[in-house]
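> JSON, C-alpha atoms, file run-v6.json:
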[["chain", "number", "residue", "atom", "x", "y", "z"],
["W", 1, "MET", "CA", 47.69, 10.74, -2.42],
["W", 2, "CYS", "CA", 49.79, 13.24, -4.33],
["W", 3, "VAL", "CA", 48.17, 15.96, -6.42],
["W", 4, "THR", "CA", 50.11, 18.35, -8.62],
["W", 5, "ALA", "CA", 48.54, 21.45, -10.13],
["W", 6, "VAL", "CA", 49.08, 22.36, -13.75],
["W", 7, "GLU", "CA", 49.76, 26.01, -14.45],
["W", 8, "SER", "CA", 47.34, 27.85, -16.70],
["W", 9, "ARG", "CA", 49.95, 30.54, -17.44],
["W", 10, "PRO", "CA", 53.52, 31.28, -16.40],
["W", 11, "ALA", "CA", 53.52, 31.78, -12.65],
["W", 12, "GLY", "CA", 53.90, 35.40, -11.69],
["W", 13, "ALA", "CA", 53.66, 36.60, -15.26],
["W", 14, "LEU", "CA", 52.62, 40.21, -15.75],
["W", 15, "ASP", "CA", 49.47, 41.04, -17.64],
["W", 16, "ALA", "CA", 50.28, 42.71, -20.91],
["W", 17, "SER", "CA", 48.78, 45.98, -19.70],
["W", 18, "GLY", "CA", 50.99, 46.07, -16.62],
["W", 19, "ALA", "CA", 54.31, 44.73, -17.87],
["W", 20, "ASN", "CA", 56.02, 48.10, -17.94],
["W", 21, "HIS", "CA", 53.91, 49.99, -15.42],
["W", 22, "ARG", "CA", 54.24, 49.11, -11.76],
["W", 23, "PRO", "CA", 53.51, 52.27, -9.70],
["W", 24, "PHE", "CA", 55.57, 52.68, -6.54],
["W", 25, "LYS", "CA", 52.53, 52.90, -4.24],
["W", 26, "ALA", "CA", 50.99, 49.80, -5.79],
["W", 27, "ARG", "CA", 54.29, 47.98, -5.39],
["W", 28, "VAL", "CA", 54.46, 48.90, -1.69],
["W", 29, "MET", "CA", 50.89, 47.70, -1.17],
["W", 30, "ALA", "CA", 51.76, 44.49, -3.03],
["W", 31, "PHE", "CA", 54.65, 43.73, -0.68],
["W", 32, "ILE", "CA", 52.37, 44.40, 2.30],
["W", 33, "ALA", "CA", 49.82, 42.04, 0.75],
["W", 34, "LEU", "CA", 52.48, 39.32, 0.65],
["W", 35, "THR", "CA", 52.41, 39.27, 4.45],
["W", 36, "LYS", "CA", 48.62, 38.63, 4.54],
["W", 37, "PRO", "CA", 47.89, 41.33, 7.16],
["W", 38, "ARG", "CA", 44.31, 40.15, 7.87],
["W", 39, "ILE", "CA", 45.50, 36.69, 8.86],
["W", 40, "ILE", "CA", 48.20, 38.20, 11.05],
["W", 41, "GLU", "CA", 45.58, 40.16, 12.99],
["W", 42, "LEU", "CA", 44.31, 36.82, 14.25],
["W", 43, "LEU", "CA", 47.83, 35.72, 15.19],
["W", 44, "LEU", "CA", 48.34, 38.85, 17.28],
["W", 45, "ILE", "CA", 45.05, 38.44, 19.14],
["W", 46, "THR", "CA", 46.28, 35.03, 20.28],
["W", 47, "THR", "CA", 49.66, 36.44, 21.33],
["W", 48, "VAL", "CA", 49.00, 39.58, 23.38],
["W", 49, "PRO", "CA", 46.31, 38.17, 25.74],
["W", 50, "VAL", "CA", 48.60, 35.29, 26.64],
["W", 51, "MET", "CA", 51.20, 37.87, 27.68],
["W", 52, "PHE", "CA", 48.65, 39.31, 30.13],
["W", 53, "LEU", "CA", 47.97, 35.83, 31.46],
["W", 54, "ALA", "CA", 51.68, 35.09, 31.85],
["W", 55, "GLU", "CA", 52.23, 38.41, 33.66],
["W", 56, "GLN", "CA", 48.99, 38.05, 35.67],
["W", 57, "GLY", "CA", 48.51, 41.71, 34.89],
["W", 58, "VAL", "CA", 49.77, 44.29, 32.42],
["W", 59, "PRO", "CA", 53.01, 43.25, 30.69],
["W", 60, "ASP", "CA", 55.71, 45.75, 29.79],
["W", 61, "LEU", "CA", 54.37, 47.82, 26.88],
["W", 62, "SER", "CA", 57.68, 47.90, 25.04],
["W", 63, "LEU", "CA", 57.88, 44.10, 25.26],
["W", 64, "VAL", "CA", 54.36, 43.81, 23.86],
["W", 65, "LEU", "CA", 55.22, 46.09, 20.94],
["W", 66, "VAL", "CA", 58.45, 44.27, 20.10],
["W", 67, "THR", "CA", 56.76, 40.87, 20.38],
["W", 68, "CYS", "CA", 53.94, 42.00, 18.09],
["W", 69, "LEU", "CA", 56.40, 43.43, 15.57],
["W", 70, "GLY", "CA", 58.49, 40.27, 15.65],
["W", 71, "GLY", "CA", 55.39, 38.13, 15.27],
["W", 72, "TYR", "CA", 54.17, 40.20, 12.33],
["W", 73, "LEU", "CA", 57.52, 39.99, 10.54],
["W", 74, "SER", "CA", 57.85, 36.26, 11.17],
["W", 75, "ALA", "CA", 54.32, 35.39, 10.06],
["W", 76, "GLY", "CA", 54.67, 37.81, 7.15],
["W", 77, "GLY", "CA", 57.81, 36.04, 6.03],
["W", 78, "ALA", "CA", 56.06, 32.67, 6.21],
["W", 79, "ASN", "CA", 53.13, 34.01, 4.19],
["W", 80, "ALA", "CA", 55.43, 35.49, 1.55],
["W", 81, "LEU", "CA", 57.27, 32.19, 1.17],
["W", 82, "ASN", "CA", 53.90, 30.44, 0.95],
["W", 83, "MET", "CA", 52.87, 32.71, -1.93],
["W", 84, "TRP", "CA", 56.22, 32.20, -3.66],
["W", 85, "TYR", "CA", 55.81, 28.41, -3.63],
["W", 86, "ASP", "CA", 52.07, 28.41, -4.38],
["W", 87, "ARG", "CA", 52.14, 30.92, -7.23],
["W", 88, "ASP", "CA", 51.19, 28.21, -9.75],
["W", 89, "ILE", "CA", 48.00, 27.11, -8.00],
["W", 90, "ASP", "CA", 47.18, 30.68, -6.91],
["W", 91, "ALA", "CA", 46.84, 31.51, -10.62],
["W", 92, "LEU", "CA", 44.19, 28.78, -10.95],
["W", 93, "MET", "CA", 41.96, 29.76, -8.04],
["W", 94, "GLU", "CA", 39.54, 32.67, -8.16],
["W", 95, "ARG", "CA", 40.06, 33.64, -4.51],
["W", 96, "THR", "CA", 43.84, 33.97, -5.01],
["W", 97, "SER", "CA", 43.97, 35.20, -8.61],
["W", 98, "GLN", "CA", 44.80, 38.78, -7.59],
["W", 99, "ARG", "CA", 47.76, 37.97, -5.38],
["W", 100, "PRO", "CA", 50.90, 39.98, -6.18],
["W", 101, "LEU", "CA", 52.84, 37.17, -7.88],
["W", 102, "VAL", "CA", 49.88, 36.23, -10.05],
["W", 103, "THR", "CA", 49.32, 39.78, -11.25],
["W", 104, "GLY", "CA", 53.05, 40.31, -11.71],
["W", 105, "MET", "CA", 53.23, 43.26, -9.32],
["W", 106, "VAL", "CA", 56.00, 41.34, -7.49],
["W", 107, "SER", "CA", 58.37, 38.92, -9.20],
["W", 108, "PRO", "CA", 59.07, 35.42, -7.77],
["W", 109, "ASN", "CA", 62.69, 36.34, -6.98],
["W", 110, "GLU", "CA", 61.61, 39.51, -5.19],
["W", 111, "CYS", "CA", 59.05, 37.57, -3.17],
["W", 112, "LEU", "CA", 61.57, 34.88, -2.21],
["W", 113, "ALA", "CA", 64.15, 37.47, -1.13],
["W", 114, "PHE", "CA", 61.48, 39.39, 0.80],
["W", 115, "GLY", "CA", 60.33, 36.27, 2.65],
["W", 116, "ILE", "CA", 63.86, 35.21, 3.59],
["W", 117, "ALA", "CA", 64.72, 38.74, 4.74],
["W", 118, "LEU", "CA", 61.65, 38.82, 7.01],
["W", 119, "ALA", "CA", 62.53, 35.38, 8.39],
["W", 120, "ILE", "CA", 66.07, 36.45, 9.28],
["W", 121, "GLY", "CA", 65.05, 39.88, 10.57],
["W", 122, "SER", "CA", 62.25, 38.58, 12.78],
["W", 123, "THR", "CA", 64.44, 35.86, 14.30],
["W", 124, "LEU", "CA", 67.18, 38.36, 15.16],
["W", 125, "LEU", "CA", 64.65, 40.85, 16.53],
["W", 126, "PHE", "CA", 63.13, 38.22, 18.81],
["W", 127, "GLY", "CA", 66.53, 36.92, 19.87],
["W", 128, "PHE", "CA", 68.12, 40.25, 20.80],
["W", 129, "ALA", "CA", 65.05, 42.26, 21.90],
["W", 130, "VAL", "CA", 62.91, 39.55, 23.55],
["W", 131, "ASN", "CA", 64.66, 36.22, 24.22],
["W", 132, "TRP", "CA", 66.05, 33.35, 22.21],
["W", 133, "LEU", "CA", 63.36, 30.87, 23.25],
["W", 134, "SER", "CA", 60.78, 33.10, 21.58],
["W", 135, "ALA", "CA", 63.09, 33.49, 18.58],
["W", 136, "TRP", "CA", 63.38, 29.73, 18.03],
["W", 137, "LEU", "CA", 59.64, 29.23, 18.51],
["W", 138, "ALA", "CA", 58.90, 31.91, 15.91],
["W", 139, "LEU", "CA", 61.44, 30.49, 13.48],
["W", 140, "GLY", "CA", 60.04, 27.00, 14.03],
["W", 141, "ALA", "CA", 56.53, 28.23, 13.19],
["W", 142, "LEU", "CA", 57.83, 29.93, 10.04],
["W", 143, "VAL", "CA", 59.68, 26.84, 8.83],
["W", 144, "PHE", "CA", 56.76, 24.56, 9.67],
["W", 145, "TYR", "CA", 54.30, 26.69, 7.69],
["W", 146, "SER", "CA", 56.61, 27.35, 4.76],
["W", 147, "VAL", "CA", 58.08, 23.88, 4.39],
["W", 148, "VAL", "CA", 55.99, 21.25, 6.19],
["W", 149, "TYR", "CA", 52.55, 22.67, 5.36],
["W", 150, "THR", "CA", 53.12, 24.53, 2.09],
["W", 151, "MET", "CA", 55.66, 22.28, 0.39],
["W", 152, "ILE", "CA", 54.84, 18.85, 1.84],
["W", 153, "LEU", "CA", 51.29, 18.57, 3.22],
["W", 154, "LYS", "CA", 49.11, 20.98, 1.27],
["W", 155, "ARG", "CA", 49.19, 19.20, -2.09],
["W", 156, "ARG", "CA", 49.44, 15.65, -0.77],
["W", 157, "THR", "CA", 46.87, 14.99, 1.95],
["W", 158, "SER", "CA", 43.39, 15.98, 3.07],
["W", 159, "GLN", "CA", 44.86, 16.32, 6.58],
["W", 160, "ASN", "CA", 46.92, 19.28, 5.39],
["W", 161, "ILE", "CA", 45.11, 21.90, 7.44],
["W", 162, "VAL", "CA", 44.99, 19.69, 10.55],
["W", 163, "TRP", "CA", 48.74, 19.35, 10.91],
["W", 164, "GLY", "CA", 49.63, 22.51, 9.02],
["W", 165, "GLY", "CA", 47.62, 24.43, 11.59],
["W", 166, "ILE", "CA", 50.38, 23.79, 14.13],
["W", 167, "ALA", "CA", 52.16, 26.87, 12.81],
["W", 168, "GLY", "CA", 49.14, 29.01, 13.67],
["W", 169, "CYS", "CA", 49.13, 27.65, 17.23],
["W", 170, "MET", "CA", 52.66, 28.82, 17.97],
["W", 171, "PRO", "CA", 51.80, 32.48, 18.84],
["W", 172, "VAL", "CA", 50.34, 31.38, 22.18],
["W", 173, "LEU", "CA", 53.66, 29.77, 23.09],
["W", 174, "ILE", "CA", 55.56, 32.83, 21.87],
["W", 175, "GLY", "CA", 53.35, 35.19, 23.88],
["W", 176, "TRP", "CA", 53.99, 33.24, 27.07],
["W", 177, "SER", "CA", 57.72, 32.75, 26.49],
["W", 178, "SER", "CA", 58.24, 36.42, 25.67],
["W", 179, "VAL", "CA", 57.19, 37.27, 29.23],
["W", 180, "THR", "CA", 58.57, 34.32, 31.18],
["W", 181, "ASN", "CA", 61.39, 32.99, 28.95],
["W", 182, "SER", "CA", 59.88, 29.56, 29.67],
["W", 183, "LEU", "CA", 56.84, 27.44, 28.88],
["W", 184, "SER", "CA", 54.08, 26.04, 31.10],
["W", 185, "TYR", "CA", 50.85, 24.07, 30.98],
["W", 186, "ALA", "CA", 48.75, 27.19, 30.31],
["W", 187, "PRO", "CA", 50.21, 28.02, 26.87],
["W", 188, "VAL", "CA", 50.22, 24.31, 25.99],
["W", 189, "ILE", "CA", 46.47, 24.12, 26.73],
["W", 190, "LEU", "CA", 45.83, 27.22, 24.62],
["W", 191, "PHE", "CA", 48.02, 25.69, 21.90],
["W", 192, "LEU", "CA", 45.69, 22.66, 21.93],
["W", 193, "VAL", "CA", 42.63, 24.93, 21.78],
["W", 194, "MET", "CA", 44.00, 26.56, 18.63],
["W", 195, "PHE", "CA", 45.05, 23.19, 17.20],
["W", 196, "PHE", "CA", 41.53, 21.80, 17.47],
["W", 197, "TRP", "CA", 40.04, 25.17, 16.42],
["W", 198, "THR", "CA", 41.87, 25.34, 13.09],
["W", 199, "PRO", "CA", 40.13, 22.52, 11.15],
["W", 200, "PRO", "CA", 36.54, 23.48, 12.05],
["W", 201, "HIS", "CA", 37.49, 27.10, 11.37],
["W", 202, "TYR", "CA", 38.95, 26.43, 7.92],
["W", 203, "TRP", "CA", 36.83, 23.52, 6.63],
["W", 204, "PRO", "CA", 33.62, 25.62, 6.31],
["W", 205, "LEU", "CA", 35.53, 28.06, 4.09],
["W", 206, "SER", "CA", 36.92, 25.10, 2.13],
["W", 207, "MET", "CA", 33.35, 23.84, 1.67],
["W", 208, "LYS", "CA", 32.43, 27.21, 0.19],
["W", 209, "VAL", "CA", 35.34, 27.33, -2.27],
["W", 210, "LYS", "CA", 35.93, 23.62, -2.85],
["W", 211, "ASP", "CA", 35.57, 24.07, -6.62],
["W", 212, "ASP", "CA", 38.57, 26.41, -6.48],
["W", 213, "TYR", "CA", 40.65, 23.81, -4.65],
["W", 214, "ALA", "CA", 39.49, 21.04, -6.99],
["W", 215, "ARG", "CA", 40.50, 23.10, -10.03],
["W", 216, "ALA", "CA", 43.95, 23.66, -8.54],
["W", 217, "GLY", "CA", 44.36, 20.03, -7.52],
["W", 218, "VAL", "CA", 44.58, 20.75, -3.77],
["W", 219, "PRO", "CA", 43.08, 17.83, -1.78],
["W", 220, "MET", "CA", 41.24, 19.79, 0.89],
["W", 221, "LEU", "CA", 38.87, 17.52, 2.79],
["W", 222, "PRO", "CA", 35.65, 18.97, 1.26],
["W", 223, "VAL", "CA", 37.04, 18.24, -2.22],
["W", 224, "LEU", "CA", 37.42, 14.54, -1.46],
["W", 225, "VAL", "CA", 34.42, 13.68, 0.74],
["W", 226, "SER", "CA", 30.78, 14.70, 1.12],
["W", 227, "ASN", "CA", 29.56, 17.66, 3.14],
["W", 228, "LYS", "CA", 28.10, 15.19, 5.65],
["W", 229, "VAL", "CA", 31.52, 13.70, 6.36],
["W", 230, "VAL", "CA", 33.16, 17.14, 6.64],
["W", 231, "ALA", "CA", 30.42, 18.37, 8.98],
["W", 232, "ARG", "CA", 30.83, 15.31, 11.19],
["W", 233, "GLN", "CA", 34.56, 16.01, 11.46],
["W", 234, "ILE", "CA", 33.82, 19.65, 12.27],
["W", 235, "VAL", "CA", 31.54, 18.61, 15.15],
["W", 236, "LEU", "CA", 34.11, 16.17, 16.56],
["W", 237, "TYR", "CA", 36.91, 18.73, 16.53],
["W", 238, "SER", "CA", 34.57, 21.36, 17.97],
["W", 239, "TRP", "CA", 33.72, 19.28, 21.03],
["W", 240, "VAL", "CA", 37.37, 18.53, 21.73],
["W", 241, "MET", "CA", 38.25, 22.22, 21.27],
["W", 242, "VAL", "CA", 35.62, 23.39, 23.75],
["W", 243, "GLY", "CA", 36.69, 20.72, 26.22],
["W", 244, "ALA", "CA", 40.32, 21.81, 25.96],
["W", 245, "SER", "CA", 39.34, 25.45, 26.51],
["W", 246, "LEU", "CA", 37.86, 24.53, 29.92],
["W", 247, "LEU", "CA", 41.07, 22.97, 31.26],
["W", 248, "LEU", "CA", 42.67, 26.27, 32.27],
["W", 249, "THR", "CA", 40.40, 26.86, 35.27],
["W", 250, "PRO", "CA", 40.75, 23.54, 37.13],
["W", 251, "LEU", "CA", 44.51, 23.87, 36.72],
["W", 252, "GLY", "CA", 44.38, 27.27, 38.45],
["W", 253, "TYR", "CA", 45.34, 29.57, 35.57],
["W", 254, "THR", "CA", 41.98, 31.32, 35.17],
["W", 255, "GLY", "CA", 38.91, 32.15, 37.22],
["W", 256, "TRP", "CA", 35.16, 32.64, 36.91],
["W", 257, "PHE", "CA", 35.20, 35.24, 34.11],
["W", 258, "TYR", "CA", 37.22, 33.20, 31.65],
["W", 259, "THR", "CA", 35.19, 30.09, 32.49],
["W", 260, "LEU", "CA", 31.90, 31.90, 31.86],
["W", 261, "VAL", "CA", 33.07, 33.26, 28.50],
["W", 262, "ALA", "CA", 34.50, 29.87, 27.48],
["W", 263, "LEU", "CA", 31.21, 28.14, 28.31],
["W", 264, "LEU", "CA", 28.97, 30.67, 26.56],
["W", 265, "ALA", "CA", 31.16, 31.12, 23.47],
["W", 266, "GLY", "CA", 31.81, 27.40, 23.27],
["W", 267, "GLY", "CA", 28.12, 26.63, 23.59],
["W", 268, "LEU", "CA", 27.29, 28.97, 20.71],
["W", 269, "TRP", "CA", 30.06, 27.38, 18.64],
["W", 270, "LEU", "CA", 28.65, 23.88, 19.24],
["W", 271, "TRP", "CA", 25.17, 25.12, 18.35],
["W", 272, "GLU", "CA", 26.44, 26.42, 15.00],
["W", 273, "ALA", "CA", 28.53, 23.29, 14.35],
["W", 274, "HIS", "CA", 25.59, 20.95, 14.97],
["W", 275, "ALA", "CA", 23.29, 23.17, 12.89],
["W", 276, "LEU", "CA", 25.73, 22.88, 9.99],
["W", 277, "GLN", "CA", 25.85, 19.12, 10.45],
["W", 278, "ASN", "CA", 22.04, 18.91, 10.43],
["W", 279, "ARG", "CA", 21.86, 20.89, 7.18],
["W", 280, "ALA", "CA", 24.56, 18.69, 5.64],
["W", 281, "LYS", "CA", 22.71, 15.52, 6.72],
["W", 282, "ALA", "CA", 19.60, 16.89, 5.04],
["W", 283, "GLU", "CA", 21.73, 17.28, 1.90],
["W", 284, "VAL", "CA", 21.20, 21.02, 1.80],
["W", 285, "THR", "CA", 23.50, 22.65, -0.75],
["W", 286, "GLY", "CA", 24.35, 26.07, -2.09],
["W", 287, "ALA", "CA", 23.61, 29.22, -0.10],
["W", 288, "LYS", "CA", 21.17, 27.35, 2.16],
["W", 289, "LEU", "CA", 24.00, 25.27, 3.61],
["W", 290, "LYS", "CA", 25.20, 28.47, 5.36],
["W", 291, "GLU", "CA", 28.66, 27.04, 5.99],
["W", 292, "MET", "CA", 30.15, 30.53, 6.30],
["W", 293, "ARG", "CA", 28.11, 31.19, 9.45],
["W", 294, "LEU", "CA", 30.45, 28.91, 11.37],
["W", 295, "PHE", "CA", 33.53, 30.34, 9.65],
["W", 296, "HIS", "CA", 32.64, 33.89, 10.69],
["W", 297, "TRP", "CA", 31.62, 32.80, 14.20],
["W", 298, "SER", "CA", 34.92, 30.97, 14.59],
["W", 299, "ILE", "CA", 36.80, 34.26, 14.33],
["W", 300, "THR", "CA", 34.48, 35.89, 16.86],
["W", 301, "TYR", "CA", 34.85, 32.89, 19.16],
["W", 302, "VAL", "CA", 38.63, 32.97, 19.29],
["W", 303, "SER", "CA", 38.60, 36.75, 19.77],
["W", 304, "LEU", "CA", 36.19, 36.52, 22.72],
["W", 305, "LEU", "CA", 38.07, 33.61, 24.27],
["W", 306, "PHE", "CA", 41.43, 35.35, 24.20],
["W", 307, "ILE", "CA", 40.01, 38.68, 25.35],
["W", 308, "ALA", "CA", 38.73, 36.71, 28.36],
["W", 309, "VAL", "CA", 42.27, 35.32, 28.83],
["W", 310, "ALA", "CA", 43.58, 38.90, 29.04],
["W", 311, "VAL", "CA", 40.81, 40.27, 31.29],
["W", 312, "ASP", "CA", 40.53, 37.35, 33.71],
["W", 313, "PRO", "CA", 43.69, 38.14, 35.76],
["W", 314, "PHE", "CA", 42.20, 41.50, 36.76],
["W", 315, "LEU", "CA", 39.01, 39.90, 38.12],
["W", 316, "ARG", "CA", 40.51, 37.22, 40.33]]
When written as structure tokens, how does the structure in this file appear?


Amino acid sequence: MCVTAVESRPAGALDASGANHRPFKARVMAFIALTKPRIIELLLITTVPVMFLAEQGVPDLSLVLVTCLGGYLSAGGANALNMWYDRDIDALMERTSQRPLVTGMVSPNECLAFGIALAIGSTLLFGFAVNWLSAWLALGALVFYSVVYTMILKRRTSQNIVWGGIAGCMPVLIGWSSVTNSLSYAPVILFLVMFFWTPPHYWPLSMKVKDDYARAGVPMLPVLVSNKVVARQIVLYSWVMVGASLLLTPLGYTGWFYTLVALLAGGLWLWEAHALQNRAKAEVTGAKLKEMRLFHWSITYVSLLFIAVAVDPFLR
């Protein structure tokens, strides 16, 4: 299916009160907001621990800093381009109504130029300061998120977040390649963990704000099907994710500590996922559905899992 949002006002138009008054500090903060710093925190926590795993110890600090900076600039560029393209539907959704292009703090042309500049700068930084394999992986993630997810999938299919999530899986490959200038089974397994993590991480949030997505014409899965169907999908993806997370140890990449954390954190995840499914089956709605419990736990889960990835080499 193809859904197109209708703008409620000119995209990126300034409010009348702010048309001629854009303070410098507010403008700086607006450009920072274009990069979605809180999302990037999650990308970095899936990058740095993999560098420890690849090094089987402490990687070079300067390499870590450059890789993090390159990752921030690349993801920030992708996020800015996402906001540039989505400025029409952002104006229709409550959760995105204060984004810089909607308020007019940044113009569409400024946002587009900013996103392209970050894309070019991050690719060159990776290429000359890290290695070109990492540079192409980062650029591939940026293009996939900006073009494949934002421009093609997001407004056309309920599977948007499933395949669009590939971009968010790339940091594990970049973290490994920045140290080794190669790829291996370990980062591929962690890539799969993040791939299967993304839908059950994002769908609970989509359940919470599905009215926003419906108003904007974005076919997120919870907009199109019942909570019971969404919850069943969440449980299926959760089991595959936990199973994938346990593959590192039998292949010899991790030891007892990572395995213990993966089992405990994964078990708690499955508990929450099945609890959400039970509430959905009982046709619980509103605040009692507690869908955000799994969303918040999903962030804790991935943080604990990747901290275990970083710590495990020192305990083997």

> For the atom pair CA of Ala33 (chain W) and CA of Pro100 (chain W), what is the interatomic distance in Å to one decimal place?

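Here the two named atoms are 7.3 Å from each other.
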
> May I have a table of the residues of region 84-184 of chain W lying at most 12 Å from region 34-41 of chain W, giving each one's closest pair of atoms and their distance in Å to one decimal, counting only C-alpha atoms, ordered by chain and ascending residue number, as CSV?


residue,atom,partner,partner_atom,distance
W:Trp84,CA,W:Leu34,CA,9.1
W:Arg87,CA,W:Leu34,CA,11.5
W:Thr96,CA,W:Leu34,CA,11.6
W:Gln98,CA,W:Leu34,CA,11.3
W:Arg99,CA,W:Leu34,CA,7.8
W:Pro100,CA,W:Leu34,CA,7.0
W:Leu101,CA,W:Leu34,CA,8.8
W:Val102,CA,W:Leu34,CA,11.4
W:Met105,CA,W:Leu34,CA,10.7
W:Val106,CA,W:Leu34,CA,9.1
W:Ser107,CA,W:Leu34,CA,11.5
W:Pro108,CA,W:Leu34,CA,11.4
W:Glu110,CA,W:Leu34,CA,10.8
W:Cys111,CA,W:Leu34,CA,7.8
W:Leu112,CA,W:Leu34,CA,10.5
W:Ala113,CA,W:Leu34,CA,11.9
W:Phe114,CA,W:Leu34,CA,9.0
W:Gly115,CA,W:Leu34,CA,8.7
W:Leu118,CA,W:Thr35,CA,9.6
W:Ala119,CA,W:Thr35,CA,11.5
W:Gly168,CA,W:Ile40,CA,9.6
W:Pro171,CA,W:Ile40,CA,10.3

> Give me, as JSON lines, each residue of region 213-285 of chain W that comes within 12 Å of region 91-95 of chain W, together with its shortest interatomic pair and the distance in Å at one decimal, counting all atoms listed in the file, with rows ordered by chain and rising residue number.


{"residue": "W:Tyr213", "atom": "CA", "partner": "W:Met93", "partner_atom": "CA", "distance": 7.0}
{"residue": "W:Ala214", "atom": "CA", "partner": "W:Met93", "partner_atom": "CA", "distance": 9.1}
{"residue": "W:Arg215", "atom": "CA", "partner": "W:Leu92", "partner_atom": "CA", "distance": 6.8}
{"residue": "W:Ala216", "atom": "CA", "partner": "W:Leu92", "partner_atom": "CA", "distance": 5.7}
{"residue": "W:Gly217", "atom": "CA", "partner": "W:Leu92", "partner_atom": "CA", "distance": 9.4}
{"residue": "W:Val218", "atom": "CA", "partner": "W:Met93", "partner_atom": "CA", "distance": 10.3}

> When you look at Cys169 (chain W) with a cut-off of 6 Å (counting all atoms listed in the file), what residues show up, excluding the ones that are within fewer than 2 positions of it in the same chain? I need them as a list in words.

Ile166, Ala167, Pro171, Phe191 and Met194 of chain W

> As a PyMOL selection string, please: the residues near region 266-277 of chain W (cut-off 7 Å, only C-alpha atoms, same-chain neighbours under 5 positions excluded).

chain W and resi 228+231-232+234-235+238+242+291+294

> From the list W:Leu81, W:Val172, W:Leu289, W:Ala129, which residue is nearest Asn109 (chain W) when using all atoms listed in the file?

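So, comparing all the options, the nearest one is W:Leu81.
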